[in-house]
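Q: Okay, handing you the structure first.
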Amino acid sequence: MELILHRFSMELKHTFTIAHDSRSTQNTLIVELKDGNLSGYGEATENPYYGVTFENMEASLASIKSFLKNYELTDPFAFWEIAQKQVHLPFALCALDMAAHDLFGKKQGKHLYEIWNLDKKNIPLTNYTIGIDTIEKMIFKLKEFPWALYKIKLGTPNDIEIIKALRQHTDARFRVDANCAWTAEQTVSNSHELKALGVEFIEQPLKAADWEGMKIVLAESALPIIADESCIVEQDVLRCAGFFHGINIKLTKCGGLTPAHRMIDLAKSLGMKVMMGCMTESLVGISAIANIAPKLDYVDMDGAMLLKTQIATGVEITPQEVIFPETKGTGAKLIG
């Protein structure tokens with residue numbers, strides 16, 4: 001297999017702000033695994049919060065390039081076990097693993113969900129994310145994209161006021177994500193008001209390592225709490241049990257589709273709800289999430305919806321269903 005790397009800078013429809021980051025463009029690395037006339041595609045975005053750049057992803061992948069030349073891909077799960085010993089940055093490993101699964105699916109002439117015996121009718125509706133902004137601009141974003149389910153980014157001095165204002169303009173379900181910005185006391189207090197405003201759950205209200213605070217929240221919150229920054233890799237699933245009602249898995253953070261399957265199965269065996277989120281990926285990454293989505297309780301795969309222009313084709317997400325293209329594997333293909 002030949003390893004080919006593509007850098008893209010994708011313009012967002014709106015400046016996207018959360019409690020610890022703000023950006024108007026999203027840099028993303030596309031990994032292409034080429035075998036004859038077939039190519040598999042994977043993706044990982046740059047992320048300053050986790051210190052991930054084009055340069056360190058490319059450096060991490062350089063270590064496996066020569067090995068790939070003579071490698072015959074017959075099982076992407078087995079390939080991940082080999083790759084993770086050489087590619088040590090999870091974001092880079094994710095893009096490589098995704099590309100391997102995509103290539104394998106194309107070789108088999110099937111979408112990944114078919115290979116995994118999953119039913120695409122069981123894909124939950126994705127939320128559409130409204131980033132932090134002035135209340136007027138958040139209302140504009142909501143009206144600009146009518147949807148049945150929104151995730152609202154919070155972590156401001158007027159969080160409850162924001163939700164009250166948005167609620168006046170839609171009957172849609174809300175989820176909120178504080179991205180580590182609240183205290184335990186704030187979370188408990190906010191949870192009661194948010195429940196009355198039609199919020200479904202709260203994502204990562206406390207700092208990632210505030211386990212003592214999470215004991216209080218778990219006992220007193222009026223809403224379920226979903227871990228994000230507290231649940232990065234497989235080993236974190238067990239740690240989160242007993243502190244959160246569920247986990248949000250990010251493919252880039254855990255190292256790809258292969259470990260994500262195991263994380264989902266483990267969390268469910270522990271009685272936890274499972275969500276999968278995105279990191280503002282293009283349709284390369286979003287299409288990969290769509291294939292594993294039938295295993296999830298909740299999904300946040302709106303990344304490509306937030307982009308001004310597309311660099312790839314792939315799944316089409318509608319309010320009624322996810323439509324998979326004729327292209328097999330994940331369904332993704334670079335434009336041009």
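Just remember, in the structure tokens the first chain shown is A, the second B, etc., residues are 1-based per chain, and ligands are 1-based in the order shown.
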Could you give me, as a CSV table (one decimal) with C-alpha atoms, in the first residue's frame, the residues within 7 Å of A:Pro319, counting only C-alpha atoms and dropping anything in the same chain fewer than 2 positions from it?
A:
chain,number,residue,atom,x,y,z
A,125,LEU,CA,-30.4,11.6,14.5
A,317,ILE,CA,-27.6,13.4,6.5
A,321,GLU,CA,-32.3,9.2,7.6
Q: Within 7 Å of A:Met10, counting only C-alpha atoms, which residues qualify if same-chain residues fewer than 4 places away don't, as a PyMOL selection string?
A: chain A and resi 25-27+307+309
Q: Quick one: write out the picked residues with N, CA and C atoms as a tab-separated table (two decimals), in the first residue's frame?
A:
chain	number	residue	atom	x	y	z
A	25	THR	N	-11.55	28.72	10.67
A	25	THR	CA	-11.14	27.68	9.73
A	25	THR	C	-10.74	26.44	10.50
A	26	GLN	N	-10.79	25.31	9.83
A	26	GLN	CA	-10.39	24.05	10.46
A	26	GLN	C	-9.40	23.34	9.54
A	27	ASN	N	-8.18	23.15	10.04
A	27	ASN	CA	-7.18	22.40	9.29
A	27	ASN	C	-7.40	20.90	9.50
A	307	LEU	N	-19.29	23.36	7.70
A	307	LEU	CA	-18.29	23.85	6.75
A	307	LEU	C	-18.92	24.69	5.65
A	309	THR	N	-17.41	25.11	2.62
A	309	THR	CA	-17.16	24.36	1.38
A	309	THR	C	-16.74	22.94	1.75
Q: Would you list the contacts of stretch 250-261 of chain A as a list in words, taking every protein, DNA or RNA residue within 6 Å and counting only C-alpha atoms, but skipping same-chain residues closer than 2 positions in sequence?
A: Ala44, Phe77, Pro90, Phe91, Leu93, Cys94, Asp97, Ile232, Val233, Met263, Ile264, Met276 and Gly277 of chain A
Q: Figure out the distance between atom CA of A:Gln84 and atom CA of A:Val52, please, to one decimal in Å.
A: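 Interatomic distance, atom CA of A:Val52 to atom CA of A:Gln84: 17.0 Å.
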Q: Could you jot down the atom CA of A:Ala267 to atom CA of A:Glu316 separation for me, Å, one decimal place?
A: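 Atom-to-atom, atom CA of A:Ala267 and atom CA of A:Glu316 are spaced 28.2 Å apart.
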Q: Counting only C-alpha atoms, which of A:Lys151, A:Lys137, A:His101, A:His6 gets nearest to A:Met301?
A: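 Closest residue, counting only C-alpha atoms: A:Lys151.
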Q: What residues in stretch 250-286 of chain A get the DSSP label alpha helix (DSSP H)? Please answer as an NGL selection string.
A: :A and (251-254 or 257-269 or 283-286)
Q: For those residues, write N, CA and C atoms to a file as an mmCIF file, in the first residue's frame.
A:
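Contents of the output file result.cif:
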data_model
loop_
_atom_site.group_PDB
_atom_site.id
_atom_site.type_symbol
_atom_site.label_atom_id
_atom_site.label_comp_id
_atom_site.auth_asym_id
_atom_site.auth_seq_id
_atom_site.Cartn_x
_atom_site.Cartn_y
_atom_site.Cartn_z
ATOM 1 N N LEU A 251 -13.314 9.597 17.665
ATOM 2 C CA LEU A 251 -12.419 8.687 16.952
ATOM 3 C C LEU A 251 -10.981 9.187 16.973
ATOM 4 N N THR A 252 -10.804 10.498 16.781
ATOM 5 C CA THR A 252 -9.446 11.040 16.727
ATOM 6 C C THR A 252 -8.714 10.861 18.053
ATOM 7 N N LYS A 253 -9.426 11.022 19.154
ATOM 8 C CA LYS A 253 -8.786 10.965 20.474
ATOM 9 C C LYS A 253 -8.476 9.533 20.897
ATOM 10 N N CYS A 254 -9.333 8.588 20.520
ATOM 11 C CA CYS A 254 -9.111 7.209 20.976
ATOM 12 C C CYS A 254 -8.224 6.412 20.029
ATOM 13 N N LEU A 257 -11.521 3.737 14.521
ATOM 14 C CA LEU A 257 -12.704 2.886 14.572
ATOM 15 C C LEU A 257 -12.475 1.602 15.359
ATOM 16 N N THR A 258 -11.280 1.068 15.273
ATOM 17 C CA THR A 258 -10.992 -0.214 15.943
ATOM 18 C C THR A 258 -11.162 -0.106 17.459
ATOM 19 N N PRO A 259 -10.476 0.816 18.155
ATOM 20 C CA PRO A 259 -10.703 0.917 19.595
ATOM 21 C C PRO A 259 -12.099 1.434 19.938
ATOM 22 N N ALA A 260 -12.707 2.213 19.042
ATOM 23 C CA ALA A 260 -14.047 2.737 19.312
ATOM 24 C C ALA A 260 -15.054 1.606 19.455
ATOM 25 N N HIS A 261 -14.944 0.582 18.625
ATOM 26 C CA HIS A 261 -15.834 -0.585 18.757
ATOM 27 C C HIS A 261 -15.727 -1.178 20.161
ATOM 28 N N ARG A 262 -14.516 -1.324 20.641
ATOM 29 C CA ARG A 262 -14.319 -1.928 21.970
ATOM 30 C C ARG A 262 -14.846 -1.014 23.074
ATOM 31 N N MET A 263 -14.642 0.293 22.923
ATOM 32 C CA MET A 263 -15.126 1.246 23.921
ATOM 33 C C MET A 263 -16.649 1.225 24.004
ATOM 34 N N ILE A 264 -17.302 1.165 22.861
ATOM 35 C CA ILE A 264 -18.765 1.111 22.837
ATOM 36 C C ILE A 264 -19.261 -0.128 23.565
ATOM 37 N N ASP A 265 -18.676 -1.274 23.232
ATOM 38 C CA ASP A 265 -19.123 -2.533 23.830
ATOM 39 C C ASP A 265 -18.892 -2.550 25.335
ATOM 40 N N LEU A 266 -17.743 -2.029 25.771
ATOM 41 C CA LEU A 266 -17.441 -2.011 27.203
ATOM 42 C C LEU A 266 -18.391 -1.075 27.943
ATOM 43 N N ALA A 267 -18.599 0.115 27.417
ATOM 44 C CA ALA A 267 -19.488 1.077 28.082
ATOM 45 C C ALA A 267 -20.898 0.512 28.216
ATOM 46 N N LYS A 268 -21.383 -0.127 27.168
ATOM 47 C CA LYS A 268 -22.734 -0.691 27.225
ATOM 48 C C LYS A 268 -22.816 -1.832 28.233
ATOM 49 N N SER A 269 -21.736 -2.599 28.343
ATOM 50 C CA SER A 269 -21.730 -3.687 29.326
ATOM 51 C C SER A 269 -21.754 -3.153 30.754
ATOM 52 N N LEU A 283 -16.538 15.299 5.300
ATOM 53 C CA LEU A 283 -17.340 14.094 5.088
ATOM 54 C C LEU A 283 -16.505 12.810 5.093
ATOM 55 N N VAL A 284 -15.200 12.920 5.073
ATOM 56 C CA VAL A 284 -14.360 11.724 5.235
ATOM 57 C C VAL A 284 -14.551 11.163 6.644
ATOM 58 N N GLY A 285 -14.336 12.001 7.642
ATOM 59 C CA GLY A 285 -14.507 11.554 9.016
ATOM 60 C C GLY A 285 -15.953 11.310 9.387
ATOM 61 N N ILE A 286 -16.856 12.161 8.899
ATOM 62 C CA ILE A 286 -18.269 12.030 9.233
ATOM 63 C C ILE A 286 -18.845 10.740 8.660
#
Q: Would you kindly return, as a PyMOL selection string, each protein, DNA or RNA residue with an atom no farther than 10 Å from any atom of stretch 199-210 of chain A, considering only C-alpha atoms and excluding same-chain residues fewer than 5 positions away?
A: chain A and resi 149-155+163+167+172-184+186-188+190-194+215+217+221-232+244-248
Q: Show me, as a compact mmCIF listing (two decimals) with C-alpha atoms, in the first residue's frame, the residues that have an atom within 8 Å of A:Pro124 when counting only C-alpha atoms, minus same-chain residues fewer than 5 positions from it.
A:
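The result, written out as around_29.txt:
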# COMPACT_ATOMS: atom_id res chain seq x y z
CA ALA A 293 -23.53 5.01 14.38
CA PRO A 294 -26.07 2.13 14.57
CA LEU A 296 -24.74 4.38 19.43
CA ASP A 297 -27.40 5.91 21.66
CA TYR A 298 -26.52 9.47 20.59
CA VAL A 299 -24.42 10.91 17.80
Q: In terms of the shortest atom-to-atom distance over only C-alpha atoms, which of A:Glu161, A:Ser24, A:Asn122, A:Ile115 is closest to A:Leu12?
A: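 The shortest atom-to-atom distance to A:Leu12 comes from A:Ser24.
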Q: Run DSSP on the backbone and give me the residues of stretch 82-216 of chain A it puts in strand (DSSP E), as an NGL selection string.
A: :A and (128-130 or 149-153 or 173-177 or 199-203)
Q: Filtering to N, CA and C atoms, could you give me those residues as a PDB file, in the first residue's frame?
A:
ATOM      1  N   TYR A 128     -27.246  19.225  15.775  1.00  0.00           N
ATOM      2  CA  TYR A 128     -26.564  20.308  15.064  1.00  0.00           C
ATOM      3  C   TYR A 128     -26.060  21.265  16.128  1.00  0.00           C
ATOM      4  N   THR A 129     -24.781  21.612  16.070  1.00  0.00           N
ATOM      5  CA  THR A 129     -24.149  22.364  17.143  1.00  0.00           C
ATOM      6  C   THR A 129     -24.223  23.876  16.924  1.00  0.00           C
ATOM      7  N   ILE A 130     -24.610  24.588  17.981  1.00  0.00           N
ATOM      8  CA  ILE A 130     -24.604  26.048  17.995  1.00  0.00           C
ATOM      9  C   ILE A 130     -23.476  26.492  18.914  1.00  0.00           C
ATOM     10  N   LEU A 149     -32.898  18.717  16.669  1.00  0.00           N
ATOM     11  CA  LEU A 149     -32.028  18.413  17.812  1.00  0.00           C
ATOM     12  C   LEU A 149     -30.780  19.286  17.733  1.00  0.00           C
ATOM     13  N   TYR A 150     -30.551  20.095  18.770  1.00  0.00           N
ATOM     14  CA  TYR A 150     -29.393  20.986  18.801  1.00  0.00           C
ATOM     15  C   TYR A 150     -28.505  20.694  20.007  1.00  0.00           C
ATOM     16  N   LYS A 151     -27.198  20.820  19.790  1.00  0.00           N
ATOM     17  CA  LYS A 151     -26.264  20.856  20.922  1.00  0.00           C
ATOM     18  C   LYS A 151     -25.810  22.299  21.071  1.00  0.00           C
ATOM     19  N   ILE A 152     -26.016  22.850  22.252  1.00  0.00           N
ATOM     20  CA  ILE A 152     -25.678  24.245  22.517  1.00  0.00           C
ATOM     21  C   ILE A 152     -24.402  24.299  23.348  1.00  0.00           C
ATOM     22  N   LYS A 153     -23.399  24.974  22.825  1.00  0.00           N
ATOM     23  CA  LYS A 153     -22.151  25.145  23.563  1.00  0.00           C
ATOM     24  C   LYS A 153     -22.323  26.243  24.616  1.00  0.00           C
ATOM     25  N   ARG A 173     -35.349  19.445  20.577  1.00  0.00           N
ATOM     26  CA  ARG A 173     -34.629  18.961  21.754  1.00  0.00           C
ATOM     27  C   ARG A 173     -33.280  19.669  21.831  1.00  0.00           C
ATOM     28  N   PHE A 174     -32.848  19.931  23.055  1.00  0.00           N
ATOM     29  CA  PHE A 174     -31.544  20.545  23.296  1.00  0.00           C
ATOM     30  C   PHE A 174     -30.643  19.581  24.065  1.00  0.00           C
ATOM     31  N   ARG A 175     -29.356  19.648  23.756  1.00  0.00           N
ATOM     32  CA  ARG A 175     -28.292  19.109  24.597  1.00  0.00           C
ATOM     33  C   ARG A 175     -27.359  20.277  24.874  1.00  0.00           C
ATOM     34  N   VAL A 176     -26.667  20.263  26.005  1.00  0.00           N
ATOM     35  CA  VAL A 176     -25.719  21.343  26.263  1.00  0.00           C
ATOM     36  C   VAL A 176     -24.344  20.764  26.587  1.00  0.00           C
ATOM     37  N   ASP A 177     -23.319  21.502  26.200  1.00  0.00           N
ATOM     38  CA  ASP A 177     -21.935  21.083  26.405  1.00  0.00           C
ATOM     39  C   ASP A 177     -21.158  22.262  26.984  1.00  0.00           C
ATOM     40  N   VAL A 199     -33.870  20.395  28.045  1.00  0.00           N
ATOM     41  CA  VAL A 199     -32.524  19.890  27.760  1.00  0.00           C
ATOM     42  C   VAL A 199     -32.463  18.402  28.096  1.00  0.00           C
ATOM     43  N   GLU A 200     -31.839  17.631  27.210  1.00  0.00           N
ATOM     44  CA  GLU A 200     -31.786  16.172  27.319  1.00  0.00           C
ATOM     45  C   GLU A 200     -30.673  15.692  28.244  1.00  0.00           C
ATOM     46  N   PHE A 201     -29.474  16.262  28.093  1.00  0.00           N
ATOM     47  CA  PHE A 201     -28.353  15.920  28.966  1.00  0.00           C
ATOM     48  C   PHE A 201     -27.301  17.010  28.925  1.00  0.00           C
ATOM     49  N   ILE A 202     -26.354  16.912  29.862  1.00  0.00           N
ATOM     50  CA  ILE A 202     -25.231  17.857  29.946  1.00  0.00           C
ATOM     51  C   ILE A 202     -23.950  17.105  29.619  1.00  0.00           C
ATOM     52  N   GLU A 203     -23.157  17.672  28.724  1.00  0.00           N
ATOM     53  CA  GLU A 203     -21.884  17.058  28.362  1.00  0.00           C
ATOM     54  C   GLU A 203     -20.732  17.777  29.066  1.00  0.00           C
TER      55      GLU A 203
END
Q: A:Glu81, A:Asp102, A:Asp35, A:Glu72: which is nearest A:Thr327, counting only C-alpha atoms?
A: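 Going through A:Glu81, A:Asp102, A:Asp35, A:Glu72 one by one, the smallest distance to A:Thr327 is for A:Asp102.
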Q: Could you tell me which of A:Ala95, A:Met272, A:Ser287, A:Ile216 comes closest to A:Leu238 if we count only C-alpha atoms?
A: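 The shortest atom-to-atom distance to A:Leu238 comes from A:Met272.
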Q: Using only C-alpha atoms, which of the listed residues (A:Ile289, A:Ala312, A:Leu38, A:Leu96) sits closest to A:Thr126?
A: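 Closest to A:Thr126, using only C-alpha atoms: A:Ile289.
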